[in-house]
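Structure data (TSV, C-alpha atoms) from protein-v6.tsv:
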```tsv
chain	number	residue	atom	x	y	z
A	1371	MET	CA	-20.63	22.84	-0.42
A	1372	THR	CA	-17.99	22.64	2.28
A	1373	PRO	CA	-16.59	19.63	4.17
A	1374	ALA	CA	-18.34	18.64	7.39
A	1375	TYR	CA	-15.00	18.07	9.12
A	1376	LEU	CA	-11.50	19.49	9.22
A	1377	PHE	CA	-9.19	17.14	7.34
A	1378	SER	CA	-6.44	17.86	9.84
A	1379	ASP	CA	-8.66	16.42	12.60
A	1380	LEU	CA	-8.79	13.11	10.75
A	1381	VAL	CA	-5.01	13.10	10.34
A	1382	MET	CA	-4.64	13.73	14.08
A	1383	ALA	CA	-7.12	10.95	14.91
A	1384	CYS	CA	-5.17	8.53	12.74
A	1385	GLU	CA	-1.97	9.51	14.53
A	1386	LYS	CA	-3.63	8.89	17.89
A	1387	GLY	CA	-5.29	5.66	16.76
A	1388	THR	CA	-8.85	6.87	17.35
A	1389	ALA	CA	-9.94	5.93	13.84
A	1390	PHE	CA	-10.96	2.63	12.30
A	1391	VAL	CA	-11.09	1.22	8.80
A	1392	THR	CA	-14.04	-0.69	7.37
A	1393	ARG	CA	-13.39	-4.10	5.85
A	1394	GLY	CA	-14.10	-2.86	2.34
A	1395	ALA	CA	-11.77	0.11	2.68
A	1396	ARG	CA	-9.05	-2.11	4.08
A	1397	ALA	CA	-9.36	-4.53	1.18
A	1398	THR	CA	-9.00	-1.79	-1.45
A	1399	ALA	CA	-6.22	-0.04	0.48
A	1400	THR	CA	-4.34	-3.34	0.35
A	1401	ALA	CA	-5.06	-4.04	-3.30
A	1402	ASP	CA	-4.61	-0.50	-4.63
A	1403	PHE	CA	-2.00	1.00	-2.30
A	1404	GLY	CA	-0.18	-1.98	-0.80
A	1405	LEU	CA	-1.19	-0.99	2.74
A	1406	LEU	CA	-1.54	-4.43	4.30
A	1407	THR	CA	-2.83	-3.74	7.80
A	1408	GLU	CA	-5.27	-1.36	9.46
A	1409	ALA	CA	-2.39	0.06	11.48
A	1410	ALA	CA	-0.46	0.70	8.24
A	1411	ILE	CA	-3.41	2.56	6.73
A	1412	LEU	CA	-3.85	4.77	9.80
A	1413	ALA	CA	-0.10	5.39	10.06
A	1414	PHE	CA	-0.01	6.32	6.37
A	1415	ILE	CA	-2.76	8.91	6.80
A	1416	GLY	CA	-1.30	10.11	10.10
A	1417	ALA	CA	2.10	10.62	8.46
A	1418	GLY	CA	0.62	12.90	5.80
A	1419	GLY	CA	0.42	10.27	3.07
A	1420	ILE	CA	-2.75	11.77	1.64
A	1421	GLU	CA	-1.19	14.26	-0.77
A	1422	ALA	CA	-3.12	17.22	-2.11
A	1423	PRO	CA	-6.53	16.17	-0.76
A	1424	ALA	CA	-9.25	17.75	-2.89
A	1425	TYR	CA	-12.73	17.85	-1.42
A	1426	ILE	CA	-15.43	16.25	-3.60
A	1427	HIS	CA	-18.68	16.20	-1.64
A	1428	THR	CA	-20.44	15.47	1.64
A	1429	LYS	CA	-23.27	12.97	1.98
A	1430	GLY	CA	-25.25	11.49	4.84
A	1431	TRP	CA	-24.12	8.10	6.12
A	1432	GLU	CA	-26.63	5.79	4.49
A	1433	ASN	CA	-26.33	3.08	7.18
A	1434	ASN	CA	-26.88	5.35	10.16
A	1435	PRO	CA	-29.16	3.37	12.50
A	1436	ASP	CA	-30.06	6.42	14.61
A	1437	PRO	CA	-32.75	8.51	12.91
A	1438	LYS	CA	-32.33	11.26	15.53
A	1439	SER	CA	-28.81	12.16	14.43
A	1440	ILE	CA	-27.26	12.98	11.08
A	1441	VAL	CA	-23.84	11.56	10.35
A	1442	TYR	CA	-21.92	13.11	7.49
A	1443	ILE	CA	-19.37	11.45	5.25
A	1444	ASP	CA	-16.83	13.66	3.46
A	1445	ALA	CA	-15.21	12.43	0.26
A	1446	TYR	CA	-11.81	13.51	-1.06
A	1447	ARG	CA	-9.63	12.82	-4.07
A	1448	PHE	CA	-5.91	12.67	-3.37
A	1449	TYR	CA	-2.53	11.62	-4.66
A	1450	SER	CA	0.07	9.23	-3.42
A	1451	GLY	CA	3.03	9.12	-5.77
A	1452	SER	CA	1.61	8.42	-9.21
A	1453	THR	CA	-1.68	6.98	-7.91
A	1454	CYS	CA	-4.86	9.01	-7.64
A	1455	GLY	CA	-7.03	7.90	-4.72
A	1456	TYR	CA	-10.50	8.33	-3.27
A	1457	LEU	CA	-11.06	8.64	0.48
A	1458	ALA	CA	-14.39	8.82	2.34
A	1459	LEU	CA	-14.47	9.48	6.07
A	1460	GLY	CA	-16.74	10.54	8.87
A	1461	LEU	CA	-16.78	11.11	12.63
A	1462	MET	CA	-19.17	8.72	14.37
A	1463	PRO	CA	-21.02	10.63	17.11
A	1464	ALA	CA	-22.09	7.46	18.94
A	1465	THR	CA	-18.51	6.36	19.59
A	1466	GLY	CA	-16.38	9.45	18.93
A	1467	LYS	CA	-14.30	7.46	16.44
A	1468	TRP	CA	-13.42	8.38	12.89
A	1469	MET	CA	-14.48	5.91	10.24
A	1470	ILE	CA	-12.42	5.40	7.07
A	1471	LYS	CA	-15.30	4.29	4.90
A	1472	SER	CA	-13.52	4.18	1.54
A	1473	PHE	CA	-9.85	4.14	0.61
A	1474	LYS	CA	-9.29	3.13	-2.99
A	1475	GLU	CA	-7.75	4.06	-6.29
A	1476	ASP	CA	-9.81	6.66	-8.10
A	1477	ASP	CA	-10.81	5.87	-11.65
A	1478	GLU	CA	-11.63	9.50	-12.38
A	1479	ARG	CA	-8.19	10.95	-12.89
A	1480	ASP	CA	-7.54	14.51	-11.88
A	1481	PRO	CA	-6.86	16.73	-14.91
A	1482	ARG	CA	-3.53	17.63	-13.31
A	1483	ALA	CA	-2.35	14.11	-14.12
A	1484	PHE	CA	-2.83	14.73	-17.82
A	1485	LEU	CA	-0.99	18.04	-17.58
A	1486	LEU	CA	1.94	16.31	-15.93
A	1487	ALA	CA	1.92	13.57	-18.58
A	1488	ALA	CA	1.96	16.21	-21.31
A	1489	LYS	CA	4.96	17.91	-19.69
A	1490	LEU	CA	6.82	14.63	-19.35
A	1491	ARG	CA	6.01	13.69	-22.95
A	1492	LYS	CA	7.31	17.03	-24.18
A	1493	ALA	CA	10.50	16.57	-22.18
A	1494	GLY	CA	10.99	13.12	-23.68
A	1495	TYR	CA	10.49	11.21	-20.43
A	1496	TRP	CA	7.09	9.75	-21.31
A	1497	LEU	CA	6.57	7.17	-24.04
A	1498	ASP	CA	3.07	6.07	-24.99
A	1499	GLY	CA	2.67	2.38	-25.77
A	1500	HIS	CA	2.76	2.72	-29.56
A	1501	GLU	CA	5.78	5.06	-29.42
A	1502	ALA	CA	7.73	2.67	-27.25
A	1503	GLU	CA	7.25	-0.16	-29.73
A	1504	SER	CA	8.21	1.82	-32.86
B	716	MET	CA	-23.77	-12.35	18.83
B	717	ASN	CA	-20.45	-11.36	20.29
B	718	ASP	CA	-20.59	-9.63	23.69
B	719	SER	CA	-16.91	-8.76	23.92
B	720	VAL	CA	-16.77	-6.11	21.18
B	721	THR	CA	-18.91	-3.17	20.13
B	722	CYS	CA	-19.30	-1.54	16.76
B	723	PRO	CA	-16.86	1.38	16.41
B	724	ALA	CA	-19.34	3.12	14.11
B	725	CYS	CA	-22.64	3.02	16.02
B	726	GLY	CA	-21.68	1.52	19.38
B	727	SER	CA	-24.01	-1.47	19.06
B	728	SER	CA	-23.04	-4.73	20.72
B	729	ASP	CA	-25.04	-6.75	18.20
B	730	ILE	CA	-21.94	-8.15	16.50
B	731	ALA	CA	-21.62	-11.37	14.56
B	732	THR	CA	-18.06	-12.63	14.26
B	733	SER	CA	-16.86	-15.05	11.63
B	734	ARG	CA	-13.56	-16.19	10.13
B	735	LEU	CA	-12.70	-16.35	6.47
B	736	ASP	CA	-9.62	-17.44	4.57
B	737	ALA	CA	-8.06	-14.31	3.13
B	738	SER	CA	-5.15	-13.82	0.78
B	739	LEU	CA	-2.52	-11.08	0.70
B	740	PRO	CA	-0.17	-10.42	-2.19
B	741	VAL	CA	3.58	-10.75	-1.55
B	742	PRO	CA	5.90	-9.39	-4.23
B	743	MET	CA	7.88	-12.13	-6.00
B	744	ALA	CA	6.40	-14.84	-3.79
B	745	GLU	CA	3.27	-16.86	-3.27
B	746	PRO	CA	0.38	-14.95	-1.67
B	747	VAL	CA	-0.03	-15.25	2.08
B	748	ILE	CA	-3.17	-17.02	3.25
B	749	TYR	CA	-4.43	-16.17	6.72
B	750	SER	CA	-7.58	-16.53	8.79
B	751	GLU	CA	-9.31	-13.15	8.76
B	752	ARG	CA	-11.58	-12.11	11.59
B	753	VAL	CA	-14.72	-10.44	10.24
B	754	ASP	CA	-17.09	-8.60	12.59
B	755	LEU	CA	-20.47	-7.57	11.22
B	756	CYS	CA	-22.65	-5.08	13.08
B	757	GLY	CA	-26.29	-6.10	13.12
B	758	ALA	CA	-27.43	-2.52	13.70
B	759	CYS	CA	-25.59	-0.54	11.00
B	760	GLY	CA	-24.08	-3.23	8.77
B	761	THR	CA	-20.52	-2.02	9.25
B	762	GLU	CA	-17.97	-4.77	8.62
B	763	GLY	CA	-14.46	-4.78	10.00
B	764	ASP	CA	-12.05	-6.15	12.54
B	765	PHE	CA	-13.46	-4.50	15.64
B	766	ALA	CA	-11.13	-6.35	18.02
B	767	ARG	CA	-8.06	-5.39	15.92
B	768	GLU	CA	-6.84	-8.99	15.78
B	769	ASN	CA	-6.01	-9.21	12.09
B	770	ASP	CA	-3.02	-6.88	12.09
B	771	ALA	CA	-0.91	-9.15	14.30
B	772	THR	CA	-1.89	-12.21	12.26
B	773	VAL	CA	-1.06	-10.48	8.99
B	774	GLU	CA	2.25	-9.12	10.24
B	775	ALA	CA	3.37	-12.55	11.44
B	776	ALA	CA	2.36	-14.15	8.14
B	777	LEU	CA	4.10	-11.45	6.12
B	778	ALA	CA	7.28	-11.72	8.17
B	779	ALA	CA	7.45	-15.44	7.42
B	780	ALA	CA	6.68	-14.82	3.75
B	781	GLY	CA	9.35	-12.11	3.60
B	782	LYS	CA	12.00	-14.53	4.84
B	783	ARG	CA	10.98	-17.11	2.26
B	784	SER	CA	10.94	-14.43	-0.42
B	785	ALA	CA	14.44	-13.16	0.47
B	786	ARG	CA	15.89	-16.67	0.26
B	787	ALA	CA	14.19	-17.30	-3.08
B	788	ILE	CA	15.41	-14.00	-4.56
B	789	ILE	CA	19.00	-14.58	-3.43
B	790	GLU	CA	18.92	-18.06	-4.97
B	791	SER	CA	17.41	-16.64	-8.16
B	792	LEU	CA	20.12	-13.96	-8.36
B	793	ALA	CA	22.80	-16.60	-7.82
B	794	ALA	CA	21.30	-18.70	-10.62
B	795	GLY	CA	21.55	-15.60	-12.83
B	796	GLY	CA	25.24	-15.19	-12.04
B	797	ILE	CA	24.97	-12.58	-9.27
B	798	SER	CA	26.88	-13.92	-6.30
B	799	MET	CA	26.35	-12.80	-2.73
B	800	ALA	CA	29.95	-11.57	-2.58
B	801	TYR	CA	29.46	-9.42	-5.69
B	802	PHE	CA	26.18	-8.00	-4.35
B	803	GLU	CA	27.84	-7.09	-1.04
B	804	ARG	CA	30.84	-5.50	-2.74
B	805	ALA	CA	28.70	-3.46	-5.15
B	806	PHE	CA	26.55	-2.02	-2.40
B	807	GLY	CA	29.34	-1.71	0.15
B	808	LEU	CA	27.66	-4.12	2.55
B	809	PRO	CA	29.63	-5.99	5.22
B	810	GLN	CA	30.64	-9.51	4.24
B	811	ARG	CA	28.11	-12.25	5.04
B	812	THR	CA	25.26	-9.72	5.11
B	813	MET	CA	23.42	-11.68	2.44
B	814	ALA	CA	24.05	-14.95	4.19
B	815	ARG	CA	22.23	-13.50	7.18
B	816	TRP	CA	19.40	-12.29	4.94
B	817	LYS	CA	19.18	-15.73	3.38
B	818	ALA	CA	19.02	-17.28	6.84
B	819	GLY	CA	16.03	-15.11	7.71
B	820	GLU	CA	17.59	-12.03	9.33
B	821	CYS	CA	16.08	-9.79	6.70
B	822	SER	CA	14.59	-6.35	7.36
B	823	ALA	CA	11.92	-4.65	5.29
B	824	GLY	CA	14.62	-2.39	3.84
B	825	SER	CA	16.88	-5.26	2.79
B	826	LEU	CA	13.94	-7.11	1.28
B	827	ALA	CA	13.04	-3.98	-0.71
B	828	LEU	CA	16.65	-3.78	-1.99
B	829	LEU	CA	16.58	-7.44	-3.03
B	830	ARG	CA	13.33	-6.94	-4.92
B	831	LEU	CA	14.72	-3.86	-6.61
B	832	VAL	CA	17.82	-5.71	-7.81
B	833	ARG	CA	15.73	-8.71	-8.86
B	834	SER	CA	13.65	-6.36	-11.07
B	835	TYR	CA	16.59	-4.28	-12.32
B	836	PRO	CA	19.83	-6.28	-11.98
B	837	TRP	CA	21.76	-3.55	-13.80
B	838	VAL	CA	21.38	-1.39	-10.68
B	839	LEU	CA	24.26	-3.46	-9.34
B	840	ARG	CA	26.56	-2.11	-12.05
B	841	VAL	CA	25.50	1.43	-11.13
B	842	ALA	CA	26.17	0.71	-7.46
B	843	GLU	CA	29.55	-0.79	-8.38
B	844	ARG	CA	30.50	2.55	-9.92
B	845	SER	CA	29.57	4.47	-6.78
B	846	PHE	CA	26.16	5.49	-8.15
B	847	SER	CA	27.75	7.99	-10.51
B	848	GLU	CA	25.24	9.86	-12.66
B	849	LYS	CA	27.13	8.88	-15.81
B	850	ALA	CA	26.98	5.19	-14.89
B	851	ALA	CA	23.29	5.45	-14.05
B	852	LYS	CA	22.52	7.00	-17.44
B	853	GLN	CA	24.67	4.50	-19.33
B	854	GLU	CA	23.16	1.48	-17.62
B	855	LEU	CA	19.62	2.78	-18.02
B	856	ALA	CA	20.21	3.38	-21.73
B	857	ARG	CA	21.79	-0.07	-22.11
B	858	ALA	CA	18.86	-1.72	-20.31
B	859	SER	CA	16.34	0.20	-22.42
B	860	ALA	CA	18.13	-0.75	-25.63
B	861	GLY	CA	18.17	-4.37	-24.48
B	862	SER	CA	14.45	-4.45	-23.75
B	863	GLY	CA	13.79	-2.66	-27.08
B	864	ALA	CA	15.82	-5.29	-28.92
B	865	ARG	CA	13.90	-8.06	-27.18
B	866	ALA	CA	10.58	-6.39	-28.01
B	867	GLY	CA	11.67	-6.10	-31.64
B	868	ALA	CA	12.64	-9.77	-31.78
B	869	ARG	CA	9.11	-10.84	-30.81
```
This structure in C-alpha cells:
Amino acid sequence: MTPAYLFSDLVMACEKGTAFVTRGARATATADFGLLTEAAILAFIGAGGIEAPAYIHTKGWENNPDPKSIVYIDAYRFYSGSTCGYLALGLMPATGKWMIKSFKEDDERDPRAFLLAAKLRKAGYWLDGHEAES
Amino acid sequence: MNDSVTCPACGSSDIATSRLDASLPVPMAEPVIYSERVDLCGACGTEGDFARENDATVEAALAAAGKRSARAIIESLAAGGISMAYFERAFGLPQRTMARWKAGECSAGSLALLRLVRSYPWVLRVAERSFSEKAAKQELARASAGSGARAGAR
C-alpha cells in the first residue's frame, strides 16, 4: 500500500496555513507534545518537526458525508526528540483544506527506539530503574 | 446553527457552536483555565475551532500565566539561596535583567531558562565556570551522587 498524498504537500499546507486541526488532535498534541495552539501545531509540522515519518496505512474517512466521493486518510508514525508519535491526515476535497485528524503519542514504539536504548545502555548512558536504585 | 462559519472538512454550514471551560498545563504553575470555543459540524461530526478564536485566547492566558510563573520561580530561587545578582553574574546577564523578568518583562526564552535552573540549580555553577566541559561533568556527577544518596536514605 502507498500513501494517498505526498507528505511534503501537507508540510507545505501547514506552512501556508491551509490546514486545520480537529479538536481531538489538538487536545492530544497539547497533552503529549506541549503544542498549545492550533497555530503552534501547524507551525511545528511546517517547520519539519515531524521527524522520520514512516507510513503506516491509508483508510477511508469514516465520517465522509458525501457518498459520491472517497476521502482518504494517511497515517504515519514519527519521532520528535525522544517521543514517538502518530499522525493521521487527509486532504478534504470539498474545501481543499488539509485535516490533521490525529496527532498523538504512539504507544507502539518503533523498534529503532529499543536499538537506541541498547546502544545507550552499552555505553553506560542508560540506567534502567532497578539499576539506578542499586 | 451558526451561519458565520463553515466546516473546514466538508464545507457544511450546519455548525453548532458551544463554549466549554478548558484547562492547559503550565510548567511549575497552576493550569490555565480558559473558555474554549467548540464548533461541531452536523453533517460530518468534525469538532474543532472553525473560526480560529481559541489561539488568541490561549496565547493571552499563557502570557499572563508565564509572568506569574516567572515571578514565582524567581522567589523560589531566592528562598533557596539563589539571588538575582548571582543568577545574572553566572549567566553573564545585564544587571537588573531578573528584576525586569520578575516585573513581567519575561520572554519565552527567559522563562525556559528559569524553569531549567529551577529544575537543575547546579547548572548555575556550570554557567559560573564558563560552561567548561570539566565543570559540567563534575556538577552532573555531584548532582547524581546527591540524588543517589537521597534515594538510598529513603
Please, which residues in chain B fall within 9 Å of chain A when counting only C-alpha atoms, and what is the closest atom pair and distance in Å to one decimal for each, ordered by chain then residue number, as a Markdown table?
```
| residue | atom | partner | partner_atom | distance |
| --- | --- | --- | --- | --- |
| B:Cys722 | CA | A:Thr1465 | CA | 8.4 |
| B:Pro723 | CA | A:Thr1465 | CA | 6.1 |
| B:Ala724 | CA | A:Met1462 | CA | 5.6 |
| B:Cys725 | CA | A:Ala1464 | CA | 5.3 |
| B:Gly726 | CA | A:Thr1465 | CA | 5.8 |
| B:Leu739 | CA | A:Leu1406 | CA | 7.6 |
| B:Pro740 | CA | A:Ala1401 | CA | 8.1 |
| B:Val753 | CA | A:Arg1393 | CA | 7.8 |
| B:Asp754 | CA | A:Arg1393 | CA | 8.9 |
| B:Ala758 | CA | A:Pro1435 | CA | 6.3 |
| B:Cys759 | CA | A:Asn1433 | CA | 5.3 |
| B:Gly760 | CA | A:Asn1433 | CA | 6.9 |
| B:Thr761 | CA | A:Thr1392 | CA | 6.9 |
| B:Glu762 | CA | A:Arg1393 | CA | 5.4 |
| B:Gly763 | CA | A:Arg1393 | CA | 4.3 |
| B:Asp764 | CA | A:Arg1393 | CA | 7.1 |
| B:Phe765 | CA | A:Phe1390 | CA | 8.3 |
| B:Arg767 | CA | A:Glu1408 | CA | 8.1 |
| B:Asn769 | CA | A:Thr1407 | CA | 7.6 |
| B:Asp770 | CA | A:Thr1407 | CA | 5.3 |
| B:Ala771 | CA | A:Thr1407 | CA | 8.7 |
| B:Val773 | CA | A:Thr1407 | CA | 7.1 |
| B:Glu774 | CA | A:Thr1407 | CA | 7.8 |
| B:Gly863 | CA | A:Glu1503 | CA | 7.5 |
| B:Ala866 | CA | A:Glu1503 | CA | 7.3 |
| B:Gly867 | CA | A:Glu1503 | CA | 7.6 |
```
Practice problem: Figure out the distance between CA of Val747 (chain B) and CA of Arg734 (chain B), please, to one decimal in Å. | Solution: 15.8 Å
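Here the residues that fall within 8 Å of (-12.6, 6.3, -3.8), using all atoms listed in the file, are given as Ala1445, Tyr1446, Arg1447, Gly1455, Tyr1456, Leu1457, Ala1458, Ser1472, Phe1473, Lys1474, Glu1475 and Asp1476 of chain A.
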Write to file, as a short mmCIF file (atom, residue, chain, number, x, y, z; two decimals), keeping the file's coordinate frame, the residues of the selection just made, with C-alpha atoms.
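And here is the file that came out, selection28.cif:
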```cif
data_model
loop_
_atom_site.label_atom_id
_atom_site.label_comp_id
_atom_site.auth_asym_id
_atom_site.auth_seq_id
_atom_site.Cartn_x
_atom_site.Cartn_y
_atom_site.Cartn_z
CA ALA A 1445 -15.21 12.43 0.26
CA TYR A 1446 -11.81 13.51 -1.06
CA ARG A 1447 -9.63 12.82 -4.07
CA GLY A 1455 -7.03 7.90 -4.72
CA TYR A 1456 -10.50 8.33 -3.27
CA LEU A 1457 -11.06 8.64 0.48
CA ALA A 1458 -14.39 8.82 2.34
CA SER A 1472 -13.52 4.18 1.54
CA PHE A 1473 -9.85 4.14 0.61
CA LYS A 1474 -9.29 3.13 -2.99
CA GLU A 1475 -7.75 4.06 -6.29
CA ASP A 1476 -9.81 6.66 -8.10
#
```
Quiz prompt | Exercise: Glu790 (chain B) partners within 12 Å, all atoms listed in the file, chain neighbours under 2 positions left out, as a PyMOL selection string | solution = chain B and resi 783-788+792-799+813-814+816-818+829+833
Quiz item: Neighbours of Thr1453 (chain A) within 12 Å (all atoms listed in the file; same-chain residues fewer than 4 positions away dropped), as a PyMOL selection string?
Solution: chain A and resi 1399+1402-1404+1419-1422+1447-1449+1474-1480+1483
